[in-house]
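Structure first, then comments.
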Amino acid sequence: MPQPGDSDSRSAVDILIASDRVPANARPDLLTEDDIWALLEEIKDPEVPAVSVVELGIVRTVRWDGNELSIDVTPTYSGCPATELIEELITEALRAAGFRDPRINQVLTPAWTTDWITDEGKEKLRAFGIAPPEGSSSKMSLLGEPEVIACPHCGSKDTERISEFGSTACKALYRCKECLEPFDYFKCI
């Protein structure tokens, strides 16, 4: 059995098992902060399973408060229906890694912005058929500045917005005038 300080080449993800209880051989004391981030990287957003909660930018910090692991999470918006489920998924993954009572803190300020989505996350959205947010979360749209959204299927910028809301409130529904495919656009917030 490994002892604290022993070298173990397995990552946090490698030692997880699918269980709803803490495994008897779980050794959370051997996990580094990088291991915990790697574990969180495996948790997919339930509404957009192409990206992890880390790539989406909603996991803010991983820290120790004394002997207690604490994770700060910012919802994409205050009414997001997936917020509780995401917190449960994070808690379940941490428990499976051996953390008996991880603390998940909902942090509302500063508010989440699409600027926090990683570049890898944006590419995964595109590959999944969702146009990632274009540019940064400016307020130019309030001034009537038109958005030019590229089709995630063919790359054409000859697109039109069909509806302000797509499959979820944080996305708009677009259609490409070139390939004629509909697609969601992850709005800049």
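Labels used: A, B, ... for chains in the order of the structure tokens, numbers from 1 for residues in each chain, and numbers from 1 for ligands as shown.
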
In segment 9-181 of chain A, what's strand (DSSP E) per DSSP? Answer as a ChimeraX atom specification?
/A:59-65,68-73,103-106,130-131,159-163,171-176

Segment 119-136 of chain A environment, 9 Å, only C-alpha atoms, sequence neighbours closer than 5 positions dropped, as a PDB file with C-alpha atoms, in the first residue's frame:
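Output saved as part.pdb:
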ATOM      1  CA  VAL A  48     -22.967  21.059 -23.495  1.00  0.00           C
ATOM      2  CA  PRO A  49     -21.188  17.719 -22.973  1.00  0.00           C
ATOM      3  CA  ALA A  50     -18.477  18.624 -25.479  1.00  0.00           C
ATOM      4  CA  VAL A  51     -16.712  20.750 -22.859  1.00  0.00           C
ATOM      5  CA  SER A  52     -15.642  20.221 -19.275  1.00  0.00           C
ATOM      6  CA  VAL A  54     -12.941  23.627 -16.371  1.00  0.00           C
ATOM      7  CA  GLU A  55     -12.882  24.425 -20.113  1.00  0.00           C
ATOM      8  CA  LEU A  56     -16.150  26.319 -19.677  1.00  0.00           C
ATOM      9  CA  GLY A  57     -14.401  28.438 -17.064  1.00  0.00           C
ATOM     10  CA  THR A 113     -18.250  35.677 -18.749  1.00  0.00           C
ATOM     11  CA  THR A 114     -17.694  33.799 -21.991  1.00  0.00           C
ATOM     12  CA  GLU A 147     -22.692  40.193 -34.884  1.00  0.00           C
ATOM     13  CA  VAL A 148     -20.972  38.181 -37.596  1.00  0.00           C
ATOM     14  CA  ILE A 149     -21.153  34.536 -36.554  1.00  0.00           C
ATOM     15  CA  ALA A 150     -19.268  31.861 -38.506  1.00  0.00           C
ATOM     16  CA  CYS A 151     -21.031  28.564 -39.180  1.00  0.00           C
ATOM     17  CA  PRO A 152     -19.360  25.791 -37.141  1.00  0.00           C
ATOM     18  CA  HIS A 153     -20.109  23.313 -39.940  1.00  0.00           C
ATOM     19  CA  LYS A 171     -27.314  30.142 -26.821  1.00  0.00           C
ATOM     20  CA  PHE A 183     -26.696  25.739 -35.350  1.00  0.00           C
ATOM     21  CA  ASP A 184     -26.527  27.122 -31.842  1.00  0.00           C
ATOM     22  CA  TYR A 185     -24.323  30.111 -31.091  1.00  0.00           C
ATOM     23  CA  PHE A 186     -22.931  30.423 -27.559  1.00  0.00           C
ATOM     24  CA  LYS A 187     -23.751  34.073 -26.825  1.00  0.00           C
ATOM     25  CA  CYS A 188     -21.116  36.448 -25.486  1.00  0.00           C
ATOM     26  CA  ILE A 189     -22.069  37.295 -21.945  1.00  0.00           C
TER      27      ILE A 189
END

Pick the closest to Leu173 of chain A from A:Leu108, A:Asp101, A:Arg161, A:Asp45: which is it, counting only C-alpha atoms?
A:Arg161

One-decimal distance in Å that lies between atom CA of Ile117 of chain A and atom CA of Thr32 of chain A
23.8 Å

Residue nearest Leu40 of chain A among A:Thr159, A:Asp65, A:Val53, A:Lys177 (counting only C-alpha atoms)
A:Val53

Write out as a ChimeraX atom specification all residues of segment 32-103 of chain A that backbone DSSP assigns to alpha helix (DSSP H).
/A:33-41,83-96

Point-to-point distance from atom CA of Arg175 of chain A to atom CA of Gly79 of chain A, Å rounded to tenths
26.4 Å

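Shortest separation to Leu89 of chain A among A:Val73, A:Ile104, A:Ile43, A:Ala111 occurs at residue A:Ile43, atoms counted being only C-alpha atoms.
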
Give me the residues near Ile36 of chain A as a PyMOL selection string, where near means some atom within 9 Å (using only C-alpha atoms) and where sequence neighbours in that chain fewer than 2 positions away do not count.
chain A and resi 12-13+31-34+38-41+62+94+97

Given the selection you just returned, output its residues as a file containing C-alpha atoms, formatted as a compact mmCIF listing (two decimals), in the first residue's frame.
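Result went into selection.txt, see below:
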# COMPACT_ATOMS: atom_id res chain seq x y z
CA ALA A 12 -6.20 11.28 -10.14
CA VAL A 13 -8.38 10.13 -13.02
CA LEU A 31 -3.50 13.87 -4.76
CA THR A 32 -1.87 17.12 -5.78
CA GLU A 33 -3.73 20.26 -6.78
CA ASP A 34 -2.88 19.38 -10.41
CA ALA A 38 -7.31 16.92 -13.89
CA LEU A 39 -10.22 15.22 -12.13
CA LEU A 40 -12.39 18.33 -12.60
CA GLU A 41 -11.36 18.44 -16.27
CA VAL A 62 -9.27 24.78 -5.90
CA LEU A 94 -14.36 14.28 -5.46
CA ALA A 97 -11.47 10.20 -5.29

Can you pull out the residues contacting Thr74 of chain A? Cut-off 9 Å, using only C-alpha atoms, and skip same-chain residues under 5 positions away; I want them as a PDB file with all heavy atoms, in the first residue's frame.
ATOM      1  N   GLY A  57     -14.860  27.330 -17.904  1.00  0.00           N
ATOM      2  CA  GLY A  57     -14.401  28.438 -17.064  1.00  0.00           C
ATOM      3  C   GLY A  57     -15.236  28.674 -15.831  1.00  0.00           C
ATOM      4  O   GLY A  57     -15.123  29.730 -15.198  1.00  0.00           O
ATOM      5  N   ILE A  58     -16.063  27.708 -15.442  1.00  0.00           N
ATOM      6  CA  ILE A  58     -16.909  27.933 -14.268  1.00  0.00           C
ATOM      7  C   ILE A  58     -16.254  27.472 -12.968  1.00  0.00           C
ATOM      8  O   ILE A  58     -16.689  27.887 -11.906  1.00  0.00           O
ATOM      9  CB  ILE A  58     -18.311  27.323 -14.429  1.00  0.00           C
ATOM     10  CG1 ILE A  58     -18.261  25.820 -14.593  1.00  0.00           C
ATOM     11  CG2 ILE A  58     -19.050  27.973 -15.581  1.00  0.00           C
ATOM     12  CD1 ILE A  58     -19.634  25.160 -14.628  1.00  0.00           C
ATOM     13  N   VAL A  59     -15.221  26.631 -13.052  1.00  0.00           N
ATOM     14  CA  VAL A  59     -14.471  26.280 -11.840  1.00  0.00           C
ATOM     15  C   VAL A  59     -13.422  27.368 -11.657  1.00  0.00           C
ATOM     16  O   VAL A  59     -12.547  27.561 -12.494  1.00  0.00           O
ATOM     17  CB  VAL A  59     -13.807  24.892 -11.948  1.00  0.00           C
ATOM     18  CG1 VAL A  59     -12.961  24.617 -10.704  1.00  0.00           C
ATOM     19  CG2 VAL A  59     -14.856  23.814 -12.131  1.00  0.00           C
ATOM     20  N   ARG A  60     -13.533  28.104 -10.573  1.00  0.00           N
ATOM     21  CA  ARG A  60     -12.675  29.265 -10.355  1.00  0.00           C
ATOM     22  C   ARG A  60     -11.398  28.933  -9.591  1.00  0.00           C
ATOM     23  O   ARG A  60     -10.316  29.321  -9.983  1.00  0.00           O
ATOM     24  CB  ARG A  60     -13.464  30.337  -9.580  1.00  0.00           C
ATOM     25  CG  ARG A  60     -14.724  30.798 -10.274  1.00  0.00           C
ATOM     26  CD  ARG A  60     -14.475  31.850 -11.314  1.00  0.00           C
ATOM     27  NE  ARG A  60     -13.900  33.031 -10.755  1.00  0.00           N
ATOM     28  CZ  ARG A  60     -14.588  33.996 -10.138  1.00  0.00           C
ATOM     29  NH1 ARG A  60     -15.891  33.909 -10.036  1.00  0.00           N
ATOM     30  NH2 ARG A  60     -13.989  35.042  -9.651  1.00  0.00           N
ATOM     31  N   THR A  83     -26.799  24.417 -12.781  1.00  0.00           N
ATOM     32  CA  THR A  83     -25.875  24.758 -11.691  1.00  0.00           C
ATOM     33  C   THR A  83     -25.850  23.703 -10.586  1.00  0.00           C
ATOM     34  O   THR A  83     -24.781  23.238 -10.200  1.00  0.00           O
ATOM     35  CB  THR A  83     -26.214  26.144 -11.103  1.00  0.00           C
ATOM     36  OG1 THR A  83     -26.124  27.121 -12.153  1.00  0.00           O
ATOM     37  CG2 THR A  83     -25.257  26.520  -9.992  1.00  0.00           C
ATOM     38  N   ASN A 105     -18.421  25.935  -3.279  1.00  0.00           N
ATOM     39  CA  ASN A 105     -18.894  27.294  -3.015  1.00  0.00           C
ATOM     40  C   ASN A 105     -19.375  27.928  -4.307  1.00  0.00           C
ATOM     41  O   ASN A 105     -18.648  27.941  -5.294  1.00  0.00           O
ATOM     42  CB  ASN A 105     -17.765  28.152  -2.442  1.00  0.00           C
ATOM     43  CG  ASN A 105     -17.108  27.501  -1.257  1.00  0.00           C
ATOM     44  OD1 ASN A 105     -17.749  27.189  -0.275  1.00  0.00           O
ATOM     45  ND2 ASN A 105     -15.810  27.258  -1.360  1.00  0.00           N
ATOM     46  N   GLN A 106     -20.579  28.472  -4.282  1.00  0.00           N
ATOM     47  CA  GLN A 106     -21.083  29.183  -5.446  1.00  0.00           C
ATOM     48  C   GLN A 106     -20.652  30.642  -5.333  1.00  0.00           C
ATOM     49  O   GLN A 106     -21.037  31.336  -4.401  1.00  0.00           O
ATOM     50  CB  GLN A 106     -22.607  29.063  -5.511  1.00  0.00           C
ATOM     51  CG  GLN A 106     -23.150  29.376  -6.869  1.00  0.00           C
ATOM     52  CD  GLN A 106     -24.639  29.122  -6.950  1.00  0.00           C
ATOM     53  OE1 GLN A 106     -25.400  30.075  -6.906  1.00  0.00           O
ATOM     54  NE2 GLN A 106     -25.039  27.872  -7.066  1.00  0.00           N
ATOM     55  N   VAL A 107     -19.837  31.089  -6.285  1.00  0.00           N
ATOM     56  CA  VAL A 107     -19.302  32.454  -6.279  1.00  0.00           C
ATOM     57  C   VAL A 107     -19.987  33.223  -7.409  1.00  0.00           C
ATOM     58  O   VAL A 107     -19.874  32.850  -8.577  1.00  0.00           O
ATOM     59  CB  VAL A 107     -17.774  32.434  -6.475  1.00  0.00           C
ATOM     60  CG1 VAL A 107     -17.220  33.842  -6.508  1.00  0.00           C
ATOM     61  CG2 VAL A 107     -17.106  31.614  -5.382  1.00  0.00           C
ATOM     62  N   LEU A 108     -20.698  34.296  -7.054  1.00  0.00           N
ATOM     63  CA  LEU A 108     -21.477  35.037  -8.041  1.00  0.00           C
ATOM     64  C   LEU A 108     -20.800  36.311  -8.537  1.00  0.00           C
ATOM     65  O   LEU A 108     -21.225  36.876  -9.550  1.00  0.00           O
ATOM     66  CB  LEU A 108     -22.861  35.361  -7.480  1.00  0.00           C
ATOM     67  CG  LEU A 108     -23.694  34.142  -7.055  1.00  0.00           C
ATOM     68  CD1 LEU A 108     -25.021  34.580  -6.452  1.00  0.00           C
ATOM     69  CD2 LEU A 108     -23.911  33.193  -8.211  1.00  0.00           C
ATOM     70  N   THR A 109     -19.780  36.771  -7.809  1.00  0.00           N
ATOM     71  CA  THR A 109     -19.072  37.971  -8.262  1.00  0.00           C
ATOM     72  C   THR A 109     -17.581  37.703  -8.302  1.00  0.00           C
ATOM     73  O   THR A 109     -17.058  37.112  -7.361  1.00  0.00           O
ATOM     74  CB  THR A 109     -19.343  39.186  -7.329  1.00  0.00           C
ATOM     75  OG1 THR A 109     -18.990  38.831  -6.003  1.00  0.00           O
ATOM     76  CG2 THR A 109     -20.783  39.630  -7.405  1.00  0.00           C
ATOM     77  N   PRO A 110     -16.898  38.100  -9.339  1.00  0.00           N
ATOM     78  CA  PRO A 110     -17.493  38.683 -10.537  1.00  0.00           C
ATOM     79  C   PRO A 110     -18.305  37.642 -11.284  1.00  0.00           C
ATOM     80  O   PRO A 110     -18.053  36.446 -11.172  1.00  0.00           O
ATOM     81  CB  PRO A 110     -16.298  39.144 -11.361  1.00  0.00           C
ATOM     82  CG  PRO A 110     -15.166  38.274 -10.910  1.00  0.00           C
ATOM     83  CD  PRO A 110     -15.436  37.947  -9.471  1.00  0.00           C
ATOM     84  N   ALA A 111     -19.276  38.136 -12.040  1.00  0.00           N
ATOM     85  CA  ALA A 111     -20.143  37.242 -12.807  1.00  0.00           C
ATOM     86  C   ALA A 111     -19.331  36.541 -13.893  1.00  0.00           C
ATOM     87  O   ALA A 111     -18.374  37.104 -14.434  1.00  0.00           O
ATOM     88  CB  ALA A 111     -21.281  38.040 -13.432  1.00  0.00           C
ATOM     89  N   TRP A 112     -19.724  35.299 -14.193  1.00  0.00           N
ATOM     90  CA  TRP A 112     -19.073  34.525 -15.248  1.00  0.00           C
ATOM     91  C   TRP A 112     -19.216  35.256 -16.572  1.00  0.00           C
ATOM     92  O   TRP A 112     -20.213  35.933 -16.835  1.00  0.00           O
ATOM     93  CB  TRP A 112     -19.722  33.145 -15.338  1.00  0.00           C
ATOM     94  CG  TRP A 112     -19.156  32.274 -16.420  1.00  0.00           C
ATOM     95  CD1 TRP A 112     -18.059  31.473 -16.333  1.00  0.00           C
ATOM     96  CD2 TRP A 112     -19.654  32.103 -17.743  1.00  0.00           C
ATOM     97  NE1 TRP A 112     -17.834  30.823 -17.525  1.00  0.00           N
ATOM     98  CE2 TRP A 112     -18.817  31.198 -18.411  1.00  0.00           C
ATOM     99  CE3 TRP A 112     -20.733  32.639 -18.446  1.00  0.00           C
ATOM    100  CZ2 TRP A 112     -19.018  30.812 -19.736  1.00  0.00           C
ATOM    101  CZ3 TRP A 112     -20.938  32.253 -19.749  1.00  0.00           C
ATOM    102  CH2 TRP A 112     -20.084  31.350 -20.373  1.00  0.00           C
TER     103      TRP A 112
END

Test item: residues at most 9 Å from Glu68 of chain A, only C-alpha atoms, excluding those fewer than 6 positions along its chain, as a ChimeraX atom specification:
/A:99,101-103

Calculate how many Å separate atom CA of Ala172 of chain A from atom CA of Glu87 of chain A, rounding to one decimal.
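Between atom CA of Ala172 of chain A and atom CA of Glu87 of chain A the gap is 25.1 Å.
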